[in-house]
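I have placed the structure first, in the form of structure tokens, so that the comments after it can refer back to it.
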Amino acid sequence: MSEIVLSVEKVVKQFTGLRAVGGADGLSFSVRRGDFLGLIGPNGAGKSTTFNLISGVLKPTEGKVSLNGTDLSGLRAQEIAGMGLGRTFQTPRAFPSLGVLDNIMVGAQNPNEGPITALLGSWRGGDAKLRERAESSLERVGLIDRRHDLVANLSGGELRMLEVARQLIRAPRILLLDEPTAGVDPSLQVRLTGLLRDLHEAGTTLIVVEHNLTFLFDLADRIVVLQNGGLLAEGEPEAVRRDPVVVSAYLGSENEA
Ligand SMILES: Nc1ncnc2c1ncn2[C@@H]1O[C@H](COP(=O)(O)OP(=O)(O)O)[C@@H](O)[C@H]1O
Ligand SMILES: [Mg+2]
């Protein structure tokens, strides 16, 4: 069995008056190298907050997250990204005044670059290698024909795929995707499925939050189910799909899709 790359240990995130992540004893789960983990749960269960805690956008109130055995408590989001962790946001982030290709190139060296430094950044020099990587990332998400378009002209689904491409160019070893299929049309969804299979085959560790359970259960090796910030269940997709606790708490009404 391959080693654990990510461990979430008794993590609690308290916002004023709300325990968004933690449940009764703190949230704990781990992910092995090369695993494809699906993270599911009703709206407000704490999935996006969990991503924020892993990627360093938020710090746990209690407990700790470790990546490759390193405690992430003292590290900033940018440092964690530098350790090979990529993530997309549930609401895509892009520089609207830049073209599609430029948007990909901006984030390549510095994932947290702001729009001003981005405009002055080294990528402006027309680095051919960087451009090649950017074009290949756009190809992989199905946006290569849109490379000269302004981001403002992309649909919601295309923006989401742009967000994935912005991460791909950095070749993350572990990639977290927050609802990648939301608003994405069927043909791009098929491409996304192929892309995720390729990344998985190439050994990338994947954690994907999804409402489209048909999509996710086909791809994932293992599913973690959150409810009210706590771990409701975890296991292989088939077992989770049939778990009476999961069915009555969550899947019952949503599993028809
Ligand atoms: N920055 C924040 N400040 C206060 N409450 C938040 C914040 N982020 C999320 N929450 C709350 O935490 C809970 C979990 O949210 P979230 O992680 O976004 O759930 P999910 O992604 O599973 O739908 C929700 O009740 C949400 O309103
Ligand atoms: Mg969310």
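For the structure tokens, the naming scheme is as follows: chains receive sequential letters (A, B, ...) according to their order of presentation, residues are indexed from 1 within each chain, and ligands are indexed from 1 in presentation order.
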
Produce as a ChimeraX atom specification the set of residues near ligand 1, where near means within 10 Å with only C-alpha atoms and all ligand atoms considered. /A:13-21,39-53,58,90,178-179,209-211,226-229

Grab the residues selected above and save them as a short mmCIF file (atom, residue, chain, number, x, y, z; two decimals), in the first residue's frame with N, CA and C atoms.
```cif
data_model
loop_
_atom_site.label_atom_id
_atom_site.label_comp_id
_atom_site.auth_asym_id
_atom_site.auth_seq_id
_atom_site.Cartn_x
_atom_site.Cartn_y
_atom_site.Cartn_z
N LYS A 13 -12.99 23.63 12.64
CA LYS A 13 -12.99 25.03 12.23
C LYS A 13 -14.25 25.69 12.78
N GLN A 14 -14.01 26.65 13.64
CA GLN A 14 -15.09 27.36 14.29
C GLN A 14 -15.17 28.74 13.68
N PHE A 15 -16.32 29.08 13.10
CA PHE A 15 -16.59 30.48 12.76
C PHE A 15 -17.43 31.01 13.91
N THR A 16 -17.59 32.31 14.00
CA THR A 16 -18.39 32.86 15.11
C THR A 16 -19.71 32.12 15.21
N GLY A 17 -19.90 31.42 16.31
CA GLY A 17 -21.18 30.76 16.55
C GLY A 17 -21.45 29.54 15.70
N LEU A 18 -20.49 29.08 14.92
CA LEU A 18 -20.75 27.92 14.05
C LEU A 18 -19.52 27.03 13.97
N ARG A 19 -19.73 25.74 14.23
CA ARG A 19 -18.66 24.76 14.06
C ARG A 19 -18.81 24.20 12.64
N ALA A 20 -18.15 24.84 11.68
CA ALA A 20 -18.35 24.49 10.27
C ALA A 20 -17.74 23.14 9.94
N VAL A 21 -16.60 22.83 10.56
CA VAL A 21 -15.94 21.54 10.37
C VAL A 21 -15.57 21.01 11.74
N LEU A 39 -15.28 13.61 -2.13
CA LEU A 39 -15.75 14.21 -0.87
C LEU A 39 -17.16 14.73 -1.11
N ILE A 40 -18.13 14.14 -0.41
CA ILE A 40 -19.52 14.51 -0.66
C ILE A 40 -20.22 14.88 0.65
N GLY A 41 -21.42 15.42 0.50
CA GLY A 41 -22.21 15.78 1.66
C GLY A 41 -23.17 16.89 1.27
N PRO A 42 -24.24 17.06 2.05
CA PRO A 42 -25.23 18.09 1.71
C PRO A 42 -24.62 19.49 1.72
N ASN A 43 -25.32 20.44 1.14
CA ASN A 43 -24.88 21.85 1.19
C ASN A 43 -24.63 22.26 2.63
N GLY A 44 -23.51 22.93 2.86
CA GLY A 44 -23.21 23.41 4.20
C GLY A 44 -22.54 22.37 5.08
N ALA A 45 -22.23 21.18 4.51
CA ALA A 45 -21.63 20.11 5.32
C ALA A 45 -20.19 20.42 5.74
N GLY A 46 -19.55 21.35 5.03
CA GLY A 46 -18.18 21.71 5.38
C GLY A 46 -17.14 21.29 4.36
N LYS A 47 -17.57 20.94 3.14
CA LYS A 47 -16.64 20.44 2.12
C LYS A 47 -15.67 21.53 1.66
N SER A 48 -16.21 22.69 1.28
CA SER A 48 -15.32 23.76 0.80
C SER A 48 -14.43 24.27 1.94
N THR A 49 -14.98 24.32 3.15
CA THR A 49 -14.16 24.75 4.29
C THR A 49 -13.01 23.76 4.51
N THR A 50 -13.30 22.47 4.33
CA THR A 50 -12.24 21.46 4.46
C THR A 50 -11.14 21.72 3.42
N PHE A 51 -11.52 22.03 2.19
CA PHE A 51 -10.52 22.38 1.16
C PHE A 51 -9.71 23.61 1.61
N ASN A 52 -10.41 24.60 2.18
CA ASN A 52 -9.70 25.81 2.62
C ASN A 52 -8.71 25.49 3.75
N LEU A 53 -9.06 24.53 4.59
CA LEU A 53 -8.18 24.16 5.70
C LEU A 53 -6.97 23.36 5.19
N LEU A 58 -7.58 28.84 5.10
CA LEU A 58 -8.02 29.00 6.49
C LEU A 58 -7.14 28.14 7.39
N GLN A 90 -14.75 26.84 -5.48
CA GLN A 90 -16.12 26.57 -5.91
C GLN A 90 -16.62 27.69 -6.82
N ASP A 178 -13.16 21.65 -6.47
CA ASP A 178 -14.41 21.92 -5.75
C ASP A 178 -15.55 22.08 -6.76
N GLU A 179 -16.36 21.04 -6.87
CA GLU A 179 -17.51 21.00 -7.78
C GLU A 179 -17.13 21.32 -9.23
N VAL A 209 -14.71 17.32 -4.75
CA VAL A 209 -16.03 17.59 -4.18
C VAL A 209 -17.01 17.67 -5.34
N GLU A 210 -18.11 16.92 -5.26
CA GLU A 210 -19.08 16.94 -6.36
C GLU A 210 -20.50 16.72 -5.88
N HIS A 211 -21.43 17.38 -6.56
CA HIS A 211 -22.84 17.07 -6.35
C HIS A 211 -23.31 16.03 -7.36
N LEU A 226 -19.41 13.86 4.42
CA LEU A 226 -19.49 14.79 5.55
C LEU A 226 -20.95 15.15 5.81
N GLN A 227 -21.24 15.39 7.07
CA GLN A 227 -22.55 15.94 7.45
C GLN A 227 -22.34 16.82 8.67
N ASN A 228 -22.85 18.02 8.61
CA ASN A 228 -22.68 18.97 9.72
C ASN A 228 -21.23 19.07 10.19
N GLY A 229 -20.30 19.04 9.25
CA GLY A 229 -18.89 19.21 9.58
C GLY A 229 -18.19 17.97 10.08
#
```

Could you check the closest approach to Val224 (chain A) for each of A:Thr204, A:Leu196, A:Val246, A:Pro60 and tell me which residue wins, using only C-alpha atoms? A:Val246

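If only C-alpha atoms are the atoms counted, then among A:Leu199, A:Leu98, A:Ala171, A:Ala165 the closest residue to Asn153 (chain A) is A:Leu98.
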
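Close contacts of region 132-145 of chain A, defined as residues with an atom at most 7 Å away when counting only C-alpha atoms, with chain neighbours fewer than 5 positions off set aside, comprise Leu101, Ile104, Met105, Met161, Ala165, Leu168, Ile169, Leu188, Arg191, Leu192 and Leu195 of chain A.
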
Please produce a file of the residues just selected, as a PDB file, in the first residue's frame, where the atoms kept are N, CA and C atoms.
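The new file out.pdb reads:
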```pdb
ATOM      1  N   LEU A 101      -5.517  32.595 -22.482  1.00  0.00           N
ATOM      2  CA  LEU A 101      -4.149  32.075 -22.409  1.00  0.00           C
ATOM      3  C   LEU A 101      -3.337  32.831 -21.349  1.00  0.00           C
ATOM      4  N   ILE A 104      -3.922  31.722 -17.827  1.00  0.00           N
ATOM      5  CA  ILE A 104      -3.245  30.479 -17.455  1.00  0.00           C
ATOM      6  C   ILE A 104      -1.784  30.761 -17.141  1.00  0.00           C
ATOM      7  N   MET A 105      -1.159  31.628 -17.944  1.00  0.00           N
ATOM      8  CA  MET A 105       0.272  31.887 -17.779  1.00  0.00           C
ATOM      9  C   MET A 105       0.559  32.673 -16.500  1.00  0.00           C
ATOM     10  N   MET A 161     -13.518  25.282 -16.102  1.00  0.00           N
ATOM     11  CA  MET A 161     -12.464  24.494 -16.741  1.00  0.00           C
ATOM     12  C   MET A 161     -11.162  25.311 -16.817  1.00  0.00           C
ATOM     13  N   ALA A 165      -7.426  24.358 -15.615  1.00  0.00           N
ATOM     14  CA  ALA A 165      -6.214  24.517 -16.437  1.00  0.00           C
ATOM     15  C   ALA A 165      -5.149  25.337 -15.704  1.00  0.00           C
ATOM     16  N   LEU A 168      -3.412  22.876 -13.670  1.00  0.00           N
ATOM     17  CA  LEU A 168      -2.677  21.856 -14.430  1.00  0.00           C
ATOM     18  C   LEU A 168      -1.300  22.340 -14.856  1.00  0.00           C
ATOM     19  N   ILE A 169      -1.199  23.608 -15.210  1.00  0.00           N
ATOM     20  CA  ILE A 169       0.078  24.129 -15.709  1.00  0.00           C
ATOM     21  C   ILE A 169       1.162  24.026 -14.638  1.00  0.00           C
ATOM     22  N   LEU A 188     -17.931  19.101 -22.364  1.00  0.00           N
ATOM     23  CA  LEU A 188     -16.782  19.423 -21.507  1.00  0.00           C
ATOM     24  C   LEU A 188     -16.705  18.457 -20.324  1.00  0.00           C
ATOM     25  N   ARG A 191     -14.877  15.475 -21.389  1.00  0.00           N
ATOM     26  CA  ARG A 191     -13.456  15.767 -21.424  1.00  0.00           C
ATOM     27  C   ARG A 191     -12.862  15.767 -20.012  1.00  0.00           C
ATOM     28  N   LEU A 192     -13.609  16.337 -19.076  1.00  0.00           N
ATOM     29  CA  LEU A 192     -13.150  16.381 -17.693  1.00  0.00           C
ATOM     30  C   LEU A 192     -12.986  14.962 -17.132  1.00  0.00           C
ATOM     31  N   LEU A 195      -9.837  13.596 -18.515  1.00  0.00           N
ATOM     32  CA  LEU A 195      -8.702  14.280 -17.891  1.00  0.00           C
ATOM     33  C   LEU A 195      -8.441  13.722 -16.491  1.00  0.00           C
TER      34      LEU A 195
END
```

So how many Å separate CA of Arg33 (chain A) and CA of Gly194 (chain A), to one decimal? 20.0 Å

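Among the candidates A:Thr88, A:Glu236, A:Leu130, A:Val245, the one nearest to ligand 2 when counting only C-alpha atoms and all ligand atoms is A:Thr88.
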
Just list as a PyMOL selection string whatever in region 116-199 of chain A DSSP marks as alpha helix (DSSP H). chain A and resi 116-120+128-141+156-168+186-199

From a DSSP pass on the backbone, collect the residues of region 68-173 of chain A flagged as strand (DSSP E or B) and hand them back as a PyMOL selection string. chain A and resi 70-71+85-87+99+150

Using only N, CA and C atoms, please write the residues we just selected to a file, as an mmCIF file, in the first residue's frame.
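What follows is the written file again_12.cif:
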```
data_model
loop_
_atom_site.group_PDB
_atom_site.id
_atom_site.type_symbol
_atom_site.label_atom_id
_atom_site.label_comp_id
_atom_site.auth_asym_id
_atom_site.auth_seq_id
_atom_site.Cartn_x
_atom_site.Cartn_y
_atom_site.Cartn_z
ATOM 1 N N THR A 70 4.525 16.728 6.711
ATOM 2 C CA THR A 70 4.831 18.065 7.230
ATOM 3 C C THR A 70 3.571 18.713 7.787
ATOM 4 N N ASP A 71 3.644 19.159 9.031
ATOM 5 C CA ASP A 71 2.529 19.873 9.654
ATOM 6 C C ASP A 71 2.368 21.225 8.948
ATOM 7 N N LEU A 85 0.656 21.203 -4.025
ATOM 8 C CA LEU A 85 -0.798 21.088 -3.854
ATOM 9 C C LEU A 85 -1.512 22.142 -4.702
ATOM 10 N N GLY A 86 -2.416 21.679 -5.541
ATOM 11 C CA GLY A 86 -3.229 22.591 -6.345
ATOM 12 C C GLY A 86 -4.676 22.487 -5.920
ATOM 13 N N ARG A 87 -5.436 23.558 -6.074
ATOM 14 C CA ARG A 87 -6.858 23.500 -5.744
ATOM 15 C C ARG A 87 -7.626 24.496 -6.597
ATOM 16 N N GLY A 99 -6.860 37.801 -21.413
ATOM 17 C CA GLY A 99 -7.324 36.725 -22.269
ATOM 18 C C GLY A 99 -7.175 35.380 -21.569
ATOM 19 N N LEU A 150 -11.393 36.902 -24.456
ATOM 20 C CA LEU A 150 -11.348 37.470 -23.109
ATOM 21 C C LEU A 150 -12.104 36.542 -22.173
#
```

Would you kindly return, as a list in words, each protein, DNA or RNA residue with an atom no farther than 8 Å from any atom of Gly63 (chain A), considering only C-alpha atoms and excluding same-chain residues fewer than 3 positions away? Val8, Glu9, Lys10, Val11, Val12, Gly26 and Pro60 of chain A

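Closest to ligand 2 among A:Gly157, A:Gly82, A:Pro237, A:Pro180 is A:Pro180, based on only C-alpha atoms and all ligand atoms.
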